[in-house]
file query.cif (mmCIF, C-alpha atoms)
data_run
loop_
_atom_site.label_atom_id
_atom_site.label_comp_id
_atom_site.auth_asym_id
_atom_site.auth_seq_id
_atom_site.Cartn_x
_atom_site.Cartn_y
_atom_site.Cartn_z
CA MET K 30 0.00 0.00 0.00
CA ILE K 31 1.29 3.47 -0.89
CA LEU K 32 0.50 6.12 1.74
CA PHE K 33 0.47 9.80 0.86
CA THR K 34 1.13 12.32 3.59
CA ALA K 35 1.85 16.01 3.84
CA GLY K 36 5.53 15.17 4.05
CA THR K 37 5.79 13.29 0.78
CA SER K 38 8.59 14.25 -1.59
CA GLU K 39 8.08 16.03 -4.92
CA ALA K 40 8.72 12.71 -6.68
CA ASP K 41 6.03 11.00 -4.62
CA GLU K 42 3.62 13.86 -5.32
CA LYS K 43 3.95 13.17 -9.04
CA THR K 44 2.80 9.57 -8.75
CA ALA K 45 -0.75 8.36 -9.19
CA ARG K 46 -2.49 5.03 -8.73
CA ILE K 47 -5.69 4.69 -10.73
CA ALA K 48 -7.81 1.58 -10.28
CA TYR K 49 -9.83 0.07 -13.10
CA ALA K 50 -11.90 -2.99 -13.91
CA GLN K 51 -10.93 -4.98 -16.98
CA TRP K 52 -13.95 -3.94 -19.02
CA SER K 53 -13.38 -2.40 -22.45
CA CYS K 54 -14.90 0.95 -21.45
CA ALA K 55 -12.93 1.12 -18.20
CA THR K 56 -9.70 0.14 -19.96
CA ALA K 57 -10.20 2.90 -22.53
CA ALA K 58 -11.06 5.63 -20.03
CA SER K 59 -8.33 4.68 -17.55
CA ASN K 60 -5.63 4.63 -20.21
CA VAL K 61 -6.71 8.06 -21.45
CA VAL K 62 -6.39 9.33 -17.88
CA LYS K 63 -2.94 7.73 -17.62
CA ALA K 64 -1.90 9.23 -20.98
CA VAL K 65 -2.88 12.74 -19.90
CA LEU K 66 -1.16 12.36 -16.54
CA GLU K 67 2.09 11.08 -18.04
CA GLU K 68 2.21 13.00 -21.33
CA LYS K 69 0.78 16.34 -20.16
CA MET K 70 1.16 16.58 -16.39
CA GLY K 71 4.51 14.93 -15.66
CA TYR K 72 3.04 12.15 -13.52
CA ASP K 73 4.09 8.54 -13.22
CA CYS K 74 0.71 6.77 -13.29
CA GLU K 75 0.14 3.14 -12.35
CA LEU K 76 -3.07 1.48 -13.50
CA VAL K 77 -4.22 -1.20 -11.05
CA ALA K 78 -6.67 -3.86 -12.30
CA MET K 79 -9.23 -5.18 -9.80
CA ASP K 80 -12.83 -6.29 -9.55
CA ALA K 81 -15.75 -3.89 -9.12
CA GLU K 82 -16.07 -4.05 -5.34
CA ALA K 83 -12.33 -3.60 -4.86
CA LEU K 84 -12.45 -0.36 -6.87
CA TRP K 85 -14.54 1.20 -4.15
CA LEU K 86 -12.87 -0.39 -1.14
CA SER K 87 -9.33 0.39 -2.36
CA THR K 88 -10.28 4.02 -2.94
CA ALA K 89 -11.99 4.22 0.45
CA SER K 90 -8.80 2.93 2.12
CA SER K 91 -6.60 5.33 0.06
CA ASP K 92 -4.70 2.41 -1.45
CA VAL K 93 -5.44 4.02 -4.83
CA ASP K 94 -6.18 7.63 -5.76
CA GLY K 95 -9.46 6.81 -7.48
CA PHE K 96 -11.13 5.36 -10.55
CA VAL K 97 -13.16 6.59 -13.52
CA CYS K 98 -15.51 3.62 -14.03
CA ALA K 99 -18.20 3.82 -11.31
CA TRP K 100 -21.62 2.96 -12.75
CA LEU K 101 -24.35 4.89 -10.93
CA PRO K 102 -27.01 5.14 -9.70
CA GLY K 103 -27.94 1.48 -10.14
CA LEU K 104 -25.14 -0.84 -11.15
CA HIS K 105 -22.73 0.05 -8.33
CA GLN K 106 -25.32 1.02 -5.72
CA TYR K 107 -24.31 -1.91 -3.48
CA TYR K 108 -20.66 -0.83 -3.46
CA TYR K 109 -21.60 2.83 -3.01
CA ALA K 110 -23.63 1.89 0.05
CA LYS K 111 -20.58 0.18 1.57
CA ALA K 112 -17.91 2.75 0.70
CA GLY K 113 -19.69 5.97 -0.24
CA ASP K 114 -19.05 7.72 3.07
CA HIS K 115 -15.31 7.23 2.65
CA VAL K 116 -14.83 8.45 -0.94
CA VAL K 117 -15.65 11.52 -3.01
CA ASP K 118 -17.99 11.13 -5.98
CA LEU K 119 -16.94 13.73 -8.56
CA GLY K 120 -20.00 13.08 -10.69
CA PRO K 121 -20.49 11.73 -14.22
CA ASN K 122 -17.67 11.61 -16.74
CA LEU K 123 -19.92 9.86 -19.29
CA GLU K 124 -23.71 9.95 -19.48
CA GLY K 125 -26.33 7.96 -21.37
CA THR K 126 -25.03 4.47 -20.60
CA LYS K 127 -27.14 1.32 -20.37
CA VAL K 128 -26.99 -2.32 -19.21
CA GLY K 129 -29.08 -5.42 -19.85
CA PHE K 130 -29.32 -8.71 -21.72
CA VAL K 131 -28.17 -8.45 -25.34
CA VAL K 132 -28.77 -10.70 -28.36
CA PRO K 133 -27.86 -10.45 -32.07
CA GLU K 134 -30.48 -8.70 -34.22
CA TYR K 135 -31.16 -11.93 -36.11
CA VAL K 136 -32.48 -13.63 -32.95
CA PRO K 137 -36.32 -13.32 -33.09
CA VAL K 138 -36.64 -12.66 -29.36
CA ASP K 139 -37.30 -9.13 -28.10
CA SER K 140 -37.98 -9.44 -24.36
CA ILE K 141 -36.37 -11.08 -21.34
CA GLU K 142 -39.80 -12.60 -20.68
CA ALA K 143 -39.35 -14.88 -23.72
CA LEU K 144 -35.92 -16.28 -22.83
CA ASP K 145 -36.96 -19.32 -20.84
CA SER K 146 -39.33 -20.61 -23.50
CA HIS K 147 -36.41 -20.60 -25.97
CA ALA K 148 -33.77 -21.90 -23.56
CA GLU K 149 -32.59 -24.77 -25.76
CA LYS K 150 -31.97 -22.40 -28.67
CA PHE K 151 -29.54 -20.54 -26.41
CA ASP K 152 -27.87 -23.78 -25.28
CA ASN K 153 -29.51 -23.12 -21.89
CA GLN K 154 -26.94 -20.40 -21.11
CA ILE K 155 -26.76 -16.68 -20.47
CA ILE K 156 -23.14 -15.62 -20.98
CA GLY K 157 -21.95 -13.31 -18.20
CA ILE K 158 -18.74 -11.59 -17.14
CA ASP K 159 -16.70 -11.52 -13.92
CA PRO K 160 -18.79 -12.62 -10.90
CA GLY K 161 -18.07 -9.46 -8.91
CA ALA K 162 -19.42 -7.07 -11.55
CA GLY K 163 -22.57 -5.16 -10.70
CA ILE K 164 -24.23 -6.26 -13.93
CA MET K 165 -23.99 -9.88 -12.75
CA ARG K 166 -25.96 -9.01 -9.62
CA PHE K 167 -28.71 -7.52 -11.79
CA ALA K 168 -28.50 -10.51 -14.14
CA LYS K 169 -29.09 -12.89 -11.21
CA GLU K 170 -32.09 -10.82 -10.15
CA ALA K 171 -33.43 -10.94 -13.72
CA VAL K 172 -33.10 -14.73 -13.83
CA LYS K 173 -35.11 -14.91 -10.59
CA ASP K 174 -37.72 -12.25 -11.35
CA TYR K 175 -38.42 -13.53 -14.85
CA GLN K 176 -38.44 -17.15 -13.60
CA ILE K 177 -35.79 -18.27 -16.07
CA ALA K 178 -35.56 -21.83 -14.76
CA ASN K 179 -33.98 -23.52 -17.76
CA MET K 180 -30.96 -21.30 -18.32
CA GLU K 181 -27.71 -20.94 -16.38
CA LEU K 182 -25.98 -17.59 -15.88
CA VAL K 183 -22.37 -18.42 -16.81
CA PRO K 184 -19.70 -16.18 -15.18
CA GLY K 185 -16.46 -15.40 -16.97
CA SER K 186 -14.86 -12.15 -18.11
CA GLY K 187 -15.56 -9.36 -20.55
CA ALA K 188 -13.11 -10.85 -23.03
CA ALA K 189 -14.59 -14.33 -22.70
CA MET K 190 -18.10 -12.97 -23.19
CA THR K 191 -17.20 -11.20 -26.44
CA GLU K 192 -15.33 -14.26 -27.72
CA VAL K 193 -18.42 -16.44 -27.21
CA LEU K 194 -20.49 -13.75 -28.90
CA ARG K 195 -18.11 -13.65 -31.88
CA LYS K 196 -18.15 -17.42 -32.36
CA LYS K 197 -21.93 -17.65 -32.11
CA ILE K 198 -22.49 -14.78 -34.54
CA ASN K 199 -20.05 -16.25 -37.07
CA LYS K 200 -22.24 -19.36 -37.11
CA ARG K 201 -25.50 -17.37 -36.80
CA ARG K 202 -26.30 -19.25 -33.61
CA TRP K 203 -28.57 -17.92 -30.87
CA VAL K 204 -26.74 -16.32 -27.95
CA VAL K 205 -27.62 -13.97 -25.08
CA VAL K 206 -24.99 -12.07 -23.10
CA THR K 207 -24.77 -9.48 -20.36
CA GLY K 208 -24.19 -6.24 -22.23
CA TRP K 209 -23.54 -2.60 -21.56
CA THR K 210 -23.13 0.65 -23.47
CA PRO K 211 -20.52 1.94 -24.21
CA HIS K 212 -18.89 -1.17 -25.66
CA TRP K 213 -17.13 -1.78 -28.96
CA LYS K 214 -19.28 -4.85 -29.69
CA PHE K 215 -22.18 -2.61 -30.71
CA ALA K 216 -20.03 -1.06 -33.44
CA ARG K 217 -18.82 -4.44 -34.69
CA TRP K 218 -22.09 -6.41 -34.74
CA ASP K 219 -25.82 -5.74 -35.10
CA LEU K 220 -27.07 -6.25 -31.55
CA LYS K 221 -30.12 -5.32 -29.51
CA TYR K 222 -31.08 -5.08 -25.86
CA LEU K 223 -33.93 -7.33 -24.76
CA LYS K 224 -36.85 -5.38 -23.35
CA ASP K 225 -36.97 -5.39 -19.55
CA PRO K 226 -40.64 -4.73 -18.63
CA LYS K 227 -39.98 -5.41 -14.93
CA GLY K 228 -37.20 -2.80 -14.88
CA VAL K 229 -34.71 -5.13 -13.22
CA PHE K 230 -31.73 -3.52 -14.94
CA GLY K 231 -32.94 -0.01 -14.13
CA GLY K 232 -32.92 2.99 -16.43
CA SER K 233 -30.14 5.09 -17.87
CA GLU K 234 -26.84 4.92 -16.01
CA SER K 235 -23.87 7.27 -15.86
CA ILE K 236 -20.19 6.49 -15.41
CA HIS K 237 -18.72 8.51 -12.53
CA THR K 238 -15.26 9.45 -11.31
CA VAL K 239 -14.61 8.54 -7.67
CA VAL K 240 -11.52 9.56 -5.65
CA ARG K 241 -10.13 9.13 -2.16
CA LYS K 242 -11.21 11.70 0.41
CA ASP K 243 -7.86 13.38 0.98
CA LEU K 244 -6.86 13.68 -2.69
CA GLU K 245 -7.85 17.34 -3.17
CA LYS K 246 -5.69 18.42 -0.23
CA GLU K 247 -2.65 16.30 -1.08
CA LYS K 248 -2.63 16.43 -4.91
CA PRO K 249 -4.80 19.34 -6.01
CA ASP K 250 -3.69 19.22 -9.65
CA LEU K 251 -4.57 15.52 -9.93
CA TYR K 252 -7.90 16.19 -8.22
CA ARG K 253 -8.74 19.09 -10.58
CA PHE K 254 -7.96 17.04 -13.67
CA LEU K 255 -10.07 14.08 -12.51
CA ASP K 256 -12.86 16.45 -11.53
CA HIS K 257 -12.96 17.94 -15.04
CA PHE K 258 -12.45 14.70 -16.96
CA SER K 259 -15.61 14.09 -19.01
CA TRP K 260 -16.35 13.09 -22.56
CA GLN K 261 -18.99 11.87 -25.00
CA PRO K 262 -19.91 8.34 -26.16
CA ASP K 263 -18.30 9.03 -29.57
CA ASP K 264 -15.01 9.81 -27.81
CA ILE K 265 -14.83 6.60 -25.81
CA HIS K 266 -16.01 4.54 -28.78
CA GLN K 267 -13.09 5.92 -30.81
CA VAL K 268 -10.61 4.86 -28.14
CA MET K 269 -12.19 1.42 -27.68
CA ASP K 270 -12.09 0.84 -31.43
CA MET K 271 -8.42 1.89 -31.59
CA ILE K 272 -7.59 -0.50 -28.75
CA GLN K 273 -9.43 -3.38 -30.39
CA LYS K 274 -7.62 -2.86 -33.67
CA SER K 275 -4.14 -2.34 -32.21
CA GLY K 276 -4.24 -4.39 -29.02
CA LYS K 277 -2.30 -1.55 -27.36
CA PRO K 278 -4.42 0.35 -24.81
CA TYR K 279 -1.88 2.95 -23.69
CA GLN K 280 -0.51 3.69 -27.15
CA SER K 281 -4.07 4.07 -28.44
CA ALA K 282 -4.87 6.50 -25.63
CA VAL K 283 -1.76 8.57 -26.36
CA LYS K 284 -2.72 8.73 -30.04
CA TRP K 285 -6.26 9.80 -29.15
CA ILE K 286 -5.21 12.65 -26.84
CA LYS K 287 -2.85 13.94 -29.54
CA GLN K 288 -5.78 13.94 -31.97
CA ASN K 289 -8.04 15.76 -29.49
CA PRO K 290 -5.94 18.56 -27.98
CA ASP K 291 -8.86 20.92 -27.34
CA LYS K 292 -10.72 18.38 -25.23
CA VAL K 293 -7.59 17.53 -23.26
CA GLU K 294 -6.91 21.23 -22.69
CA SER K 295 -10.46 21.67 -21.36
CA TRP K 296 -9.74 18.97 -18.78
CA LEU K 297 -6.49 20.59 -17.74
CA SER K 298 -7.79 24.17 -17.66
CA GLY K 299 -11.13 23.32 -16.10
CA GLN K 300 -13.13 25.03 -18.83
#

call {"tool": "encode", "arguments": {"input": "query.cif", "output": "structure tokens"}}
result
Amino acid sequence: MILFTAGTSEADEKTARIAYAQWSCATAASNVVKAVLEEKMGYDCELVAMDAEALWLSTASSDVDGFVCAWLPGLHQYYYAKAGDHVVDLGPNLEGTKVGFVVPEYVPVDSIEALDSHAEKFDNQIIGIDPGAGIMRFAKEAVKDYQIANMELVPGSGAAMTEVLRKKINKRRWVVVTGWTPHWKFARWDLKYLKDPKGVFGGSESIHTVVRKDLEKEKPDLYRFLDHFSWQPDDIHQVMDMIQKSGKPYQSAVKWIKQNPDKVESWLSGQ
């Protein structure tokens, strides 16, 4: 654990630890933050991968400076309830997000209510991601509330989920996955969210920036940047697409900030 105190050296003051979950959107946003810190602000930034709950708990304990992938108000409400009093929510950095069950457009099913009656077509599986993700908690509730008795929610990872999706689509097989926007899969394939008449997955979500409580006092420039970091869905989709094509998250982020100097300057100047 790295502890930051009033007596830290100048070198220590120019270090940052940013937590992130290994989701495509979180990887894109966190690497853009790292690129700005290292290329524009003279920081040495370490990105620390962890599961969703650990994002909040590590920030609450000041083991990391913060993270830019908190889904609120619904998806991370459980973690916010546990750690919210010990962190600072800087508000949305991306609005208009969504979560739910997703199928290819060619699948003639439009509602979660119809899943169980077509279970065999889906190989009796709903393809999920890492067990600790908030979307998996909602997915479990959906399975219960919609009485999906003949399908198993299969945990895995974001990468494993998209690989299953790719293989099924290539063979035009039926498949249902846990999905969220923003995600590069919506640009690559024709997909649709299943209707959720019971509202289990909630409404529109936002992605927030959350930092440790003492960050503003100890590293005001880092705090100001994170406070002003915000962008549009088109921005993050560009970065995610670059990462998918190159396989190089940090290099893609550096390229993107060079291509978008006005936006980066607005983060740094606070305008």

call {"tool": "resolve_selection", "arguments": {"input": "query.cif", "expression": "the PyMOL selection byres ((chain K and resi 109-126) around 9)", "output": "PyMOL selection string"}}
result
chain K and resi 85-86+88-91+95+97-102+105-108+127-128+209-211+233-243+255-262+265

call {"tool": "write_last_selection", "arguments": {"input": "query.cif", "atoms": "C-alpha atoms", "output": "compact mmCIF listing (two decimals), in the frame of the given file"}}
result
# COMPACT_ATOMS: atom_id res chain seq x y z
CA TRP K 85 -14.54 1.20 -4.15
CA LEU K 86 -12.87 -0.39 -1.14
CA THR K 88 -10.28 4.02 -2.94
CA ALA K 89 -11.99 4.22 0.45
CA SER K 90 -8.80 2.93 2.12
CA SER K 91 -6.60 5.33 0.06
CA GLY K 95 -9.46 6.81 -7.48
CA VAL K 97 -13.16 6.59 -13.52
CA CYS K 98 -15.51 3.62 -14.03
CA ALA K 99 -18.20 3.82 -11.31
CA TRP K 100 -21.62 2.96 -12.75
CA LEU K 101 -24.35 4.89 -10.93
CA PRO K 102 -27.01 5.14 -9.70
CA HIS K 105 -22.73 0.05 -8.33
CA GLN K 106 -25.32 1.02 -5.72
CA TYR K 107 -24.31 -1.91 -3.48
CA TYR K 108 -20.66 -0.83 -3.46
CA LYS K 127 -27.14 1.32 -20.37
CA VAL K 128 -26.99 -2.32 -19.21
CA TRP K 209 -23.54 -2.60 -21.56
CA THR K 210 -23.13 0.65 -23.47
CA PRO K 211 -20.52 1.94 -24.21
CA SER K 233 -30.14 5.09 -17.87
CA GLU K 234 -26.84 4.92 -16.01
CA SER K 235 -23.87 7.27 -15.86
CA ILE K 236 -20.19 6.49 -15.41
CA HIS K 237 -18.72 8.51 -12.53
CA THR K 238 -15.26 9.45 -11.31
CA VAL K 239 -14.61 8.54 -7.67
CA VAL K 240 -11.52 9.56 -5.65
CA ARG K 241 -10.13 9.13 -2.16
CA LYS K 242 -11.21 11.70 0.41
CA ASP K 243 -7.86 13.38 0.98
CA LEU K 255 -10.07 14.08 -12.51
CA ASP K 256 -12.86 16.45 -11.53
CA HIS K 257 -12.96 17.94 -15.04
CA PHE K 258 -12.45 14.70 -16.96
CA SER K 259 -15.61 14.09 -19.01
CA TRP K 260 -16.35 13.09 -22.56
CA GLN K 261 -18.99 11.87 -25.00
CA PRO K 262 -19.91 8.34 -26.16
CA ILE K 265 -14.83 6.60 -25.81

call {"tool": "residues_around", "arguments": {"input": "query.cif", "residues": "region 168-177 of chain K", "least_positions_apart": "4", "cutoff": "12 Å", "atoms": "only C-alpha atoms", "output": "ChimeraX atom specification"}}
result
/K:104,128-131,140-148,153-164,181-184,205-209,223-231

call {"tool": "atom_distance", "arguments": {"input": "query.cif", "atom1": "CA of Gln273 (chain K)", "atom2": "CA of Val193 (chain K)"}}
result
16.2 Å

call {"tool": "resolve_selection", "arguments": {"input": "query.cif", "expression": "the PyMOL selection byres ((chain K and resi 279-296) around 12)", "output": "MDAnalysis selection string"}}
result
chainID K and resid 56:70 74:76 122 250:261 264:278 297:300

call {"tool": "atom_distance", "arguments": {"input": "query.cif", "atom1": "CA of Met79 (chain K)", "atom2": "CA of Tyr49 (chain K)"}}
result
6.2 Å

call {"tool": "closest_residue", "arguments": {"input": "query.cif", "among": "K:Ala216, K:Ala83, K:Val132, K:Met190", "to": "Val204 (chain K)", "atoms": "only C-alpha atoms"}}
result
K:Val132

call {"tool": "decode", "arguments": {"input": "query.cif", "residues": "region 75-90 of chain K", "atoms": "N, CA and C atoms", "output": "compact mmCIF listing (two decimals), in the first residue's frame"}}
result
# COMPACT_ATOMS: atom_id res chain seq x y z
N GLU K 75 0.30 4.60 -12.35
CA GLU K 75 0.14 3.14 -12.35
C GLU K 75 -1.35 2.80 -12.43
N LEU K 76 -1.71 1.99 -13.41
CA LEU K 76 -3.07 1.48 -13.50
C LEU K 76 -3.14 0.13 -12.78
N VAL K 77 -4.11 -0.01 -11.89
CA VAL K 77 -4.22 -1.20 -11.05
C VAL K 77 -5.55 -1.90 -11.35
N ALA K 78 -5.46 -3.10 -11.95
CA ALA K 78 -6.67 -3.86 -12.30
C ALA K 78 -7.25 -4.56 -11.07
N MET K 79 -8.56 -4.51 -10.92
CA MET K 79 -9.23 -5.18 -9.80
C MET K 79 -10.70 -5.34 -10.12
N ASP K 80 -11.41 -6.10 -9.28
CA ASP K 80 -12.83 -6.29 -9.55
C ASP K 80 -13.63 -5.08 -9.05
N ALA K 81 -14.92 -5.07 -9.35
CA ALA K 81 -15.75 -3.89 -9.12
C ALA K 81 -15.78 -3.46 -7.66
N GLU K 82 -15.99 -4.41 -6.75
CA GLU K 82 -16.07 -4.05 -5.34
C GLU K 82 -14.75 -3.49 -4.84
N ALA K 83 -13.64 -4.06 -5.30
CA ALA K 83 -12.33 -3.60 -4.86
C ALA K 83 -12.03 -2.18 -5.31
N LEU K 84 -12.62 -1.75 -6.43
CA LEU K 84 -12.45 -0.36 -6.87
C LEU K 84 -12.85 0.60 -5.75
N TRP K 85 -14.01 0.33 -5.19
CA TRP K 85 -14.54 1.20 -4.15
C TRP K 85 -13.78 1.06 -2.83
N LEU K 86 -13.52 -0.17 -2.44
CA LEU K 86 -12.87 -0.39 -1.14
C LEU K 86 -11.43 0.10 -1.15
N SER K 87 -10.72 -0.07 -2.27
CA SER K 87 -9.33 0.39 -2.36
C SER K 87 -9.25 1.91 -2.36
N THR K 88 -10.24 2.56 -2.97
CA THR K 88 -10.28 4.02 -2.94
C THR K 88 -10.65 4.51 -1.54
N ALA K 89 -11.58 3.83 -0.91
CA ALA K 89 -11.99 4.22 0.45
C ALA K 89 -10.83 4.10 1.44
N SER K 90 -9.94 3.13 1.22
CA SER K 90 -8.80 2.93 2.12
C SER K 90 -7.58 3.73 1.69
